[in-house]
$ cat structure23.txt   # compact mmCIF, C-alpha atoms and all ligand atoms
# COMPACT_ATOMS: atom_id res chain seq x y z
CA MET A 1 22.67 -14.13 3.29
CA ARG A 2 23.90 -14.05 6.88
CA ILE A 3 21.38 -13.09 9.63
CA ASP A 4 22.28 -12.60 13.31
CA VAL A 5 19.50 -12.08 15.85
CA PHE A 6 20.19 -10.80 19.38
CA THR A 7 17.44 -11.36 21.95
CA ILE A 8 16.82 -12.25 25.60
CA PHE A 9 14.35 -14.91 24.35
CA PRO A 10 16.22 -17.10 21.83
CA GLU A 11 13.41 -19.73 22.06
CA TYR A 12 11.05 -17.16 20.52
CA LEU A 13 12.93 -17.55 17.24
CA ALA A 14 12.52 -21.38 17.12
CA PRO A 15 9.99 -21.18 14.23
CA LEU A 16 12.86 -20.09 11.98
CA ASP A 17 13.77 -23.82 11.89
CA LEU A 18 10.45 -24.61 10.16
CA SER A 19 9.02 -24.62 6.65
CA LEU A 20 10.63 -22.66 3.82
CA ILE A 21 13.01 -20.62 5.98
CA GLY A 22 14.15 -23.75 7.87
CA LYS A 23 14.76 -25.53 4.56
CA ALA A 24 16.70 -22.54 3.21
CA ARG A 25 18.87 -22.63 6.34
CA ARG A 26 19.57 -26.33 5.92
CA GLU A 27 20.43 -25.75 2.25
CA GLY A 28 22.86 -22.96 3.20
CA LEU A 29 20.92 -20.20 1.43
CA LEU A 30 20.28 -18.44 4.75
CA ASP A 31 22.85 -18.55 7.55
CA VAL A 32 20.74 -17.60 10.60
CA ALA A 33 22.30 -17.42 14.09
CA VAL A 34 20.28 -16.52 17.21
CA HIS A 35 22.26 -15.15 20.17
CA ASP A 36 21.19 -14.76 23.81
CA LEU A 37 21.85 -11.18 24.91
CA ARG A 38 22.22 -12.35 28.52
CA THR A 39 25.50 -14.10 27.67
CA PHE A 40 26.94 -10.58 27.37
CA THR A 41 26.08 -9.64 31.00
CA HIS A 42 28.50 -10.03 33.91
CA ASP A 43 26.37 -9.81 37.07
CA ARG A 44 24.76 -12.65 39.00
CA HIS A 45 21.28 -11.84 37.75
CA ASN A 46 22.26 -11.34 34.09
CA THR A 47 20.65 -7.92 34.22
CA VAL A 48 19.75 -6.35 30.87
CA ASP A 49 17.47 -3.50 31.98
CA ASP A 50 17.37 -0.50 34.31
CA THR A 51 15.09 2.43 35.18
CA PRO A 52 14.73 5.28 32.65
CA TYR A 53 16.54 8.59 33.20
CA GLY A 54 13.96 11.38 33.40
CA GLY A 55 11.43 9.04 34.98
CA GLY A 56 8.45 7.36 33.43
CA ALA A 57 6.97 3.90 33.33
CA GLY A 58 8.81 0.68 32.61
CA MET A 59 12.44 -0.27 32.13
CA VAL A 60 15.03 0.45 29.46
CA MET A 61 17.60 -2.00 28.08
CA LYS A 62 21.09 -1.15 29.36
CA PRO A 63 23.72 -0.21 26.78
CA GLN A 64 26.58 -2.42 28.10
CA PRO A 65 25.28 -5.91 27.12
CA TRP A 66 24.35 -4.51 23.71
CA SER A 67 27.77 -2.96 23.03
CA GLU A 68 29.44 -6.29 23.86
CA ALA A 69 26.93 -8.25 21.78
CA LEU A 70 27.35 -6.00 18.75
CA THR A 71 31.15 -5.96 19.09
CA TYR A 72 31.01 -9.78 19.13
CA ALA A 73 28.71 -9.73 16.06
CA ALA A 74 31.26 -7.59 14.20
CA SER A 75 33.77 -10.45 14.58
CA LEU A 76 31.49 -13.09 13.04
CA ALA A 77 32.09 -12.29 9.37
CA PRO A 78 34.04 -9.90 7.18
CA GLY A 79 32.38 -6.56 6.40
CA THR A 80 29.59 -4.98 8.44
CA PRO A 81 25.93 -5.93 8.88
CA HIS A 82 22.93 -3.68 8.36
CA LEU A 83 21.47 -3.46 11.87
CA LEU A 84 17.67 -3.52 12.02
CA VAL A 85 16.09 -2.52 15.31
CA PRO A 86 12.38 -3.42 15.56
CA ALA A 87 10.42 -0.66 17.28
CA PRO A 88 6.99 0.91 16.84
CA SER A 89 8.83 4.22 16.24
CA GLY A 90 10.78 2.78 13.30
CA ARG A 91 10.55 3.13 9.54
CA PRO A 92 7.55 1.20 8.17
CA PHE A 93 8.52 -2.30 7.00
CA THR A 94 7.06 -2.66 3.49
CA GLN A 95 7.42 -5.06 0.58
CA PRO A 96 9.76 -2.67 -1.33
CA PHE A 97 11.91 -2.35 1.82
CA ALA A 98 11.93 -6.16 2.21
CA ARG A 99 13.02 -6.44 -1.45
CA ALA A 100 15.89 -4.01 -0.87
CA LEU A 101 17.01 -5.83 2.29
CA ALA A 102 16.92 -9.19 0.46
CA THR A 103 19.85 -8.01 -1.68
CA GLU A 104 22.08 -7.35 1.34
CA PRO A 105 24.69 -9.95 2.35
CA TRP A 106 24.40 -9.49 6.13
CA LEU A 107 21.56 -8.38 8.41
CA ALA A 108 21.58 -8.18 12.21
CA PHE A 109 18.51 -7.71 14.38
CA ALA A 110 18.53 -6.24 17.90
CA CYS A 111 15.34 -7.24 19.72
CA GLY A 112 14.32 -4.68 22.31
CA ARG A 113 12.05 -5.52 25.25
CA TYR A 114 10.46 -3.32 27.91
CA GLU A 115 10.37 0.36 26.85
CA GLY A 116 13.18 -0.12 24.33
CA ILE A 117 16.97 0.00 24.08
CA ASP A 118 19.12 2.90 25.39
CA GLU A 119 19.38 5.25 22.40
CA ARG A 120 23.19 5.31 22.58
CA VAL A 121 23.35 1.69 21.37
CA CYS A 122 22.20 2.70 17.87
CA ASP A 123 24.58 5.70 17.98
CA PHE A 124 27.45 3.34 18.92
CA ALA A 125 26.64 0.87 16.11
CA ALA A 126 26.41 3.65 13.52
CA ALA A 127 29.18 6.02 14.62
CA ASP A 128 31.72 3.71 16.28
CA LEU A 129 31.21 0.36 14.51
CA GLY A 130 30.35 2.06 11.21
CA TRP A 131 27.22 -0.02 10.63
CA GLN A 132 24.10 1.02 8.77
CA VAL A 133 21.38 1.19 11.44
CA THR A 134 17.63 1.29 10.72
CA PRO A 135 14.84 1.21 13.31
CA VAL A 136 11.92 -0.63 11.66
CA SER A 137 8.23 -0.91 12.54
CA LEU A 138 5.91 -3.70 11.48
CA GLY A 139 2.85 -1.48 11.83
CA ASP A 140 1.03 1.04 13.96
CA TYR A 141 0.54 -1.15 16.99
CA VAL A 142 2.72 -2.10 19.95
CA LEU A 143 4.19 -5.57 20.48
CA ASN A 144 5.84 -6.68 23.72
CA GLY A 145 9.23 -6.87 22.04
CA GLY A 146 11.06 -7.19 18.75
CA GLU A 147 11.04 -11.00 18.47
CA VAL A 148 7.68 -11.42 16.70
CA ALA A 149 8.63 -8.57 14.36
CA VAL A 150 11.91 -10.35 13.54
CA LEU A 151 10.05 -13.58 12.73
CA ALA A 152 7.87 -11.66 10.27
CA MET A 153 10.73 -9.71 8.75
CA VAL A 154 13.09 -12.70 8.34
CA GLU A 155 10.28 -14.58 6.58
CA ALA A 156 9.38 -11.64 4.32
CA ILE A 157 13.03 -10.93 3.46
CA GLY A 158 14.24 -14.55 3.36
CA ARG A 159 11.64 -15.70 0.85
CA LEU A 160 12.90 -12.99 -1.57
CA VAL A 161 16.47 -14.34 -1.48
CA PRO A 162 17.03 -16.15 -4.80
CA GLY A 163 16.48 -19.92 -4.46
CA VAL A 164 14.48 -19.79 -1.20
CA VAL A 165 11.08 -19.93 -2.94
CA GLY A 166 11.22 -22.73 -5.53
CA ASN A 167 8.75 -21.23 -8.00
CA ALA A 168 9.95 -17.63 -8.49
CA GLU A 169 6.75 -16.90 -10.46
CA SER A 170 4.71 -17.22 -7.28
CA LEU A 171 6.49 -14.10 -5.98
CA VAL A 172 5.30 -11.92 -8.85
CA GLU A 173 1.52 -11.54 -8.50
CA GLU A 174 1.35 -11.50 -4.72
CA SER A 175 -0.34 -8.84 -2.66
CA HIS A 176 1.78 -5.66 -2.59
CA GLU A 177 3.95 -6.68 -5.53
CA GLY A 178 2.91 -4.22 -8.25
CA GLY A 179 1.06 -2.00 -5.78
CA LEU A 180 -2.24 -3.94 -5.81
CA LEU A 181 -3.64 -6.64 -3.54
CA GLU A 182 -3.83 -10.22 -4.84
CA TYR A 183 -6.91 -11.52 -6.69
CA PRO A 184 -9.08 -14.20 -5.01
CA VAL A 185 -8.12 -17.82 -5.67
CA TYR A 186 -10.20 -21.02 -5.94
CA THR A 187 -9.55 -24.75 -6.26
CA LYS A 188 -11.66 -27.89 -6.80
CA PRO A 189 -14.54 -28.64 -6.51
CA ALA A 190 -16.02 -26.15 -9.03
CA SER A 191 -19.33 -26.53 -7.25
CA TRP A 192 -18.92 -26.82 -3.47
CA ARG A 193 -21.78 -28.23 -1.41
CA VAL A 194 -21.50 -27.10 2.20
CA ARG A 195 -23.80 -27.33 5.20
CA GLY A 196 -24.41 -23.90 6.76
CA PRO A 197 -26.69 -22.94 9.69
CA ALA A 198 -29.65 -22.59 7.27
CA GLY A 199 -29.08 -25.93 5.56
CA GLU A 200 -27.09 -27.02 2.54
CA VAL A 201 -25.79 -24.38 0.12
CA VAL A 202 -23.82 -24.62 -3.09
CA ARG A 203 -20.96 -22.19 -3.64
CA ALA A 204 -19.63 -22.03 -7.20
CA VAL A 205 -16.27 -20.90 -8.58
CA PRO A 206 -16.63 -17.76 -10.80
CA PRO A 207 -17.45 -19.25 -14.24
CA VAL A 208 -14.77 -17.24 -16.08
CA LEU A 209 -12.08 -19.30 -14.31
CA LEU A 210 -13.51 -22.47 -15.91
CA SER A 211 -13.80 -20.90 -19.39
CA GLY A 212 -10.27 -21.65 -20.60
CA ASP A 213 -10.22 -18.07 -22.02
CA HIS A 214 -6.82 -16.86 -20.76
CA ALA A 215 -7.33 -13.23 -21.78
CA ALA A 216 -10.73 -13.11 -20.05
CA ILE A 217 -9.23 -14.71 -16.91
CA ALA A 218 -6.37 -12.18 -16.84
CA ALA A 219 -8.84 -9.28 -17.26
CA TRP A 220 -11.12 -10.66 -14.50
CA ARG A 221 -8.18 -11.09 -12.13
CA HIS A 222 -6.93 -7.55 -12.77
CA GLN A 223 -10.42 -6.17 -12.12
CA GLN A 224 -10.61 -8.18 -8.87
CA ARG A 225 -7.26 -6.77 -7.75
CA LEU A 226 -8.47 -3.22 -8.41
CA GLU A 227 -11.79 -3.76 -6.60
CA ARG A 228 -10.16 -5.43 -3.61
CA THR A 229 -7.55 -2.73 -3.31
CA ALA A 230 -10.19 0.05 -3.58
CA GLU A 231 -12.28 -1.61 -0.87
CA ARG A 232 -9.62 -2.76 1.59
CA ARG A 233 -6.64 -0.50 0.98
CA PRO A 234 -7.69 2.69 -0.84
CA ASP A 235 -4.45 4.29 0.40
CA LEU A 236 -2.53 2.07 -2.05
CA LEU A 237 -4.38 3.68 -4.97
CA ARG A 238 -3.39 7.14 -3.72
CA PRO A 239 0.28 6.50 -2.89
CA GLU A 240 1.05 10.21 -2.40
CA ALA A 241 -1.53 10.35 0.41
CA ALA A 242 -0.01 7.31 2.09
CA ALA A 243 3.66 8.29 1.76
CA THR A 244 5.11 8.09 5.20
CA THR A 245 8.84 8.59 4.75
CA LEU A 246 10.75 11.58 3.45
CA GLU A 247 12.23 9.23 0.84
CA GLU A 248 8.78 8.21 -0.36
CA LEU A 249 7.73 11.87 -0.38
CA GLY A 250 10.57 12.51 -2.82
CA ALA A 251 12.97 14.27 -0.46
CA PRO A 252 16.52 14.44 -1.83
N1 LIG A 301 8.31 -3.75 18.85
C1 LIG A 301 7.22 -3.37 19.51
N2 LIG A 301 6.25 -2.99 18.68
C2 LIG A 301 6.76 -3.13 17.43
C3 LIG A 301 6.26 -2.91 16.12
N3 LIG A 301 5.03 -2.44 15.91
N4 LIG A 301 7.06 -3.16 15.08
C4 LIG A 301 8.31 -3.61 15.28
N5 LIG A 301 8.83 -3.85 16.48
C5 LIG A 301 8.06 -3.62 17.54

$ encode --input "structure23.txt" --output "structure tokens"
Amino acid sequence: MRIDVFTIFPEYLAPLDLSLIGKARREGLLDVAVHDLRTFTHDRHNTVDDTPYGGGAGMVMKPQPWSEALTYAASLAPGTPHLLVPAPSGRPFTQPFARALATEPWLAFACGRYEGIDERVCDFAAADLGWQVTPVSLGDYVLNGGEVAVLAMVEAIGRLVPGVVGNAESLVEESHEGGLLEYPVYTKPASWRVRGPAGEVVRAVPPVLLSGDHAAIAAWRHQQRLERTAERRPDLLRPEAAATTLEELGAP
């Protein structure tokens, strides 16, 4: 998979050199390129923003550097990328969406800063370059820009690309796969002696996990997933109440 990221803070994306995603890049499974948007400016100050038409607080990213950056991106490989634009007003980024994106050959990310990117940039990418364009939101909170969202999305998508995670089984029972949260996990020692504020306590692993009874362990884990989901994310047990997109609501 090819991934191009456009940002005014390329250093923000440095963690993509680390861990599993870094290894996948070195192995050629993920071809990630980070581009500095300011290289597509032509004034002395490398200006990327301006005041909003209609007034209001903050600054808006100018369309010109973006049109040049995206036109350059179009020349990097055959075909067209799916352009993802992180924004709190975007489509919710979910595990099923990550799974769908992981099957695409080419993704591009446009990191907005300030109050966002001039709306005509997305129109240009969709109508004039012929790209698929999707504004995406990590959640119902506001970040200072798209970079942190891109780090999260590239990790969530990249690890679903075949070969990136060595043990494919570890992808199956994770939180959100199968619509339930993950069960709690434990490792040695079975009986853990730990000093708390009120003195020494012993914390034991649930005995069923030491029983060797695989059916009982599977049943216990399933029950834990249900209880956790009911307590922490009841919306996942009532998916129709949590549907947030027309697609999820069953619109044609
Ligand atoms: N940029 C700013 N806030 C964001 C969010 N919640 N998700 C994605 N991109 C963002």

$ closest_atom_pairs --input "structure23.txt" --of "chain A" --to "ligand LIG 301 (chain A)" --cutoff "6 Å" --atoms "only C-alpha atoms and all ligand atoms" --output "CSV"
residue,atom,partner,partner_atom,distance
A:Pro86,CA,A:LIG301,N5,3.7
A:Ala87,CA,A:LIG301,N5,3.7
A:Pro88,CA,A:LIG301,C3,4.0
A:Val136,CA,A:LIG301,C4,5.9
A:Ser137,CA,A:LIG301,N4,3.6
A:Leu138,CA,A:LIG301,N4,3.8
A:Gly139,CA,A:LIG301,N3,4.7
A:Asp140,CA,A:LIG301,N3,5.6
A:Tyr141,CA,A:LIG301,N3,4.8
A:Val142,CA,A:LIG301,N2,3.9
A:Leu143,CA,A:LIG301,N2,3.8
A:Asn144,CA,A:LIG301,C1,5.5
A:Gly145,CA,A:LIG301,N1,4.6
A:Gly146,CA,A:LIG301,N1,4.4
A:Ala149,CA,A:LIG301,C4,5.1

$ write_last_selection --input "structure23.txt" --atoms "C-alpha atoms" --output "PDB file, in the frame of the given file"
ATOM      1  CA  PRO A  86      12.380  -3.420  15.560  1.00  0.00           C
ATOM      2  CA  ALA A  87      10.420  -0.660  17.280  1.00  0.00           C
ATOM      3  CA  PRO A  88       6.990   0.910  16.840  1.00  0.00           C
ATOM      4  CA  VAL A 136      11.920  -0.630  11.660  1.00  0.00           C
ATOM      5  CA  SER A 137       8.230  -0.910  12.540  1.00  0.00           C
ATOM      6  CA  LEU A 138       5.910  -3.700  11.480  1.00  0.00           C
ATOM      7  CA  GLY A 139       2.850  -1.480  11.830  1.00  0.00           C
ATOM      8  CA  ASP A 140       1.030   1.040  13.960  1.00  0.00           C
ATOM      9  CA  TYR A 141       0.540  -1.150  16.990  1.00  0.00           C
ATOM     10  CA  VAL A 142       2.720  -2.100  19.950  1.00  0.00           C
ATOM     11  CA  LEU A 143       4.190  -5.570  20.480  1.00  0.00           C
ATOM     12  CA  ASN A 144       5.840  -6.680  23.720  1.00  0.00           C
ATOM     13  CA  GLY A 145       9.230  -6.870  22.040  1.00  0.00           C
ATOM     14  CA  GLY A 146      11.060  -7.190  18.750  1.00  0.00           C
ATOM     15  CA  ALA A 149       8.630  -8.570  14.360  1.00  0.00           C
TER      16      ALA A 149
END

$ closest_residue --input "structure23.txt" --among "A:Arg228, A:Ala190, A:Pro81, A:Leu101" --to "Ser211 (chain A)" --atoms "all atoms listed in the file"
A:Ala190

$ residues_around --input "structure23.txt" --residues "Glu147 (chain A)" --least-positions-apart "4" --cutoff "9 Å" --atoms "only C-alpha atoms" --output "list of chain:residue names"
A:Val5, A:Thr7, A:Phe9, A:Pro10, A:Tyr12, A:Leu13, A:Pro86, A:Ala110, A:Cys111, A:Gly112, A:Arg113, A:Leu143, A:Leu151, A:Ala152

$ residues_around --input "structure23.txt" --residues "Asp4 (chain A)" --least-positions-apart "3" --cutoff "6 Å" --atoms "all atoms listed in the file" --output "ChimeraX atom specification"
/A:32-34,108

$ closest_residue --input "structure23.txt" --among "A:Ala127, A:Leu180, A:Leu29, A:Ala73" --to "Pro234 (chain A)" --atoms "only C-alpha atoms"
A:Leu180

$ atom_distance --input "structure23.txt" --atom1 "CA of Thr134 (chain A)" --atom2 "CA of Glu174 (chain A)"
25.8 Å

$ residues_near_point --input "structure23.txt" --point "(28.5, -16.6, 6.9)" --cutoff "7 Å" --atoms "only C-alpha atoms" --output "PyMOL selection string"
chain A and resi 2+31+77

$ closest_residue --input "structure23.txt" --among "A:Ala204, A:Leu181, A:Val161, A:Leu84" --to "Glu227 (chain A)" --atoms "only C-alpha atoms"
A:Leu181

$ closest_residue --input "structure23.txt" --among "A:Met61, A:Val164, A:Val201, A:Ile217" --to "Tyr183 (chain A)" --atoms "all atoms listed in the file"
A:Ile217

$ closest_residue --input "structure23.txt" --among "A:Gly55, A:Ala24, A:Lys62, A:Arg233" --to "Thr41 (chain A)" --atoms "only C-alpha atoms"
A:Lys62

$ residues_around --input "structure23.txt" --residues "Phe40 (chain A)" --least-positions-apart "5" --cutoff "8 Å" --atoms "only C-alpha atoms" --output "ChimeraX atom specification"
/A:65-66,68-69

$ atom_distance --input "structure23.txt" --atom1 "CA of Gly56 (chain A)" --atom2 "CA of Asp128 (chain A)"
29.1 Å

$ residues_around --input "structure23.txt" --residues "Glu155 (chain A)" --least-positions-apart "5" --cutoff "9 Å" --atoms "only C-alpha atoms" --output "PyMOL selection string"
chain A and resi 16+20-21+150+160

$ atom_distance --input "structure23.txt" --atom1 "CA of Leu107 (chain A)" --atom2 "CA of Thr39 (chain A)"
20.5 Å

$ closest_residue --input "structure23.txt" --among "A:Gln223, A:Arg99, A:Val205, A:Glu115" --to "Arg193 (chain A)" --atoms "only C-alpha atoms"
A:Val205
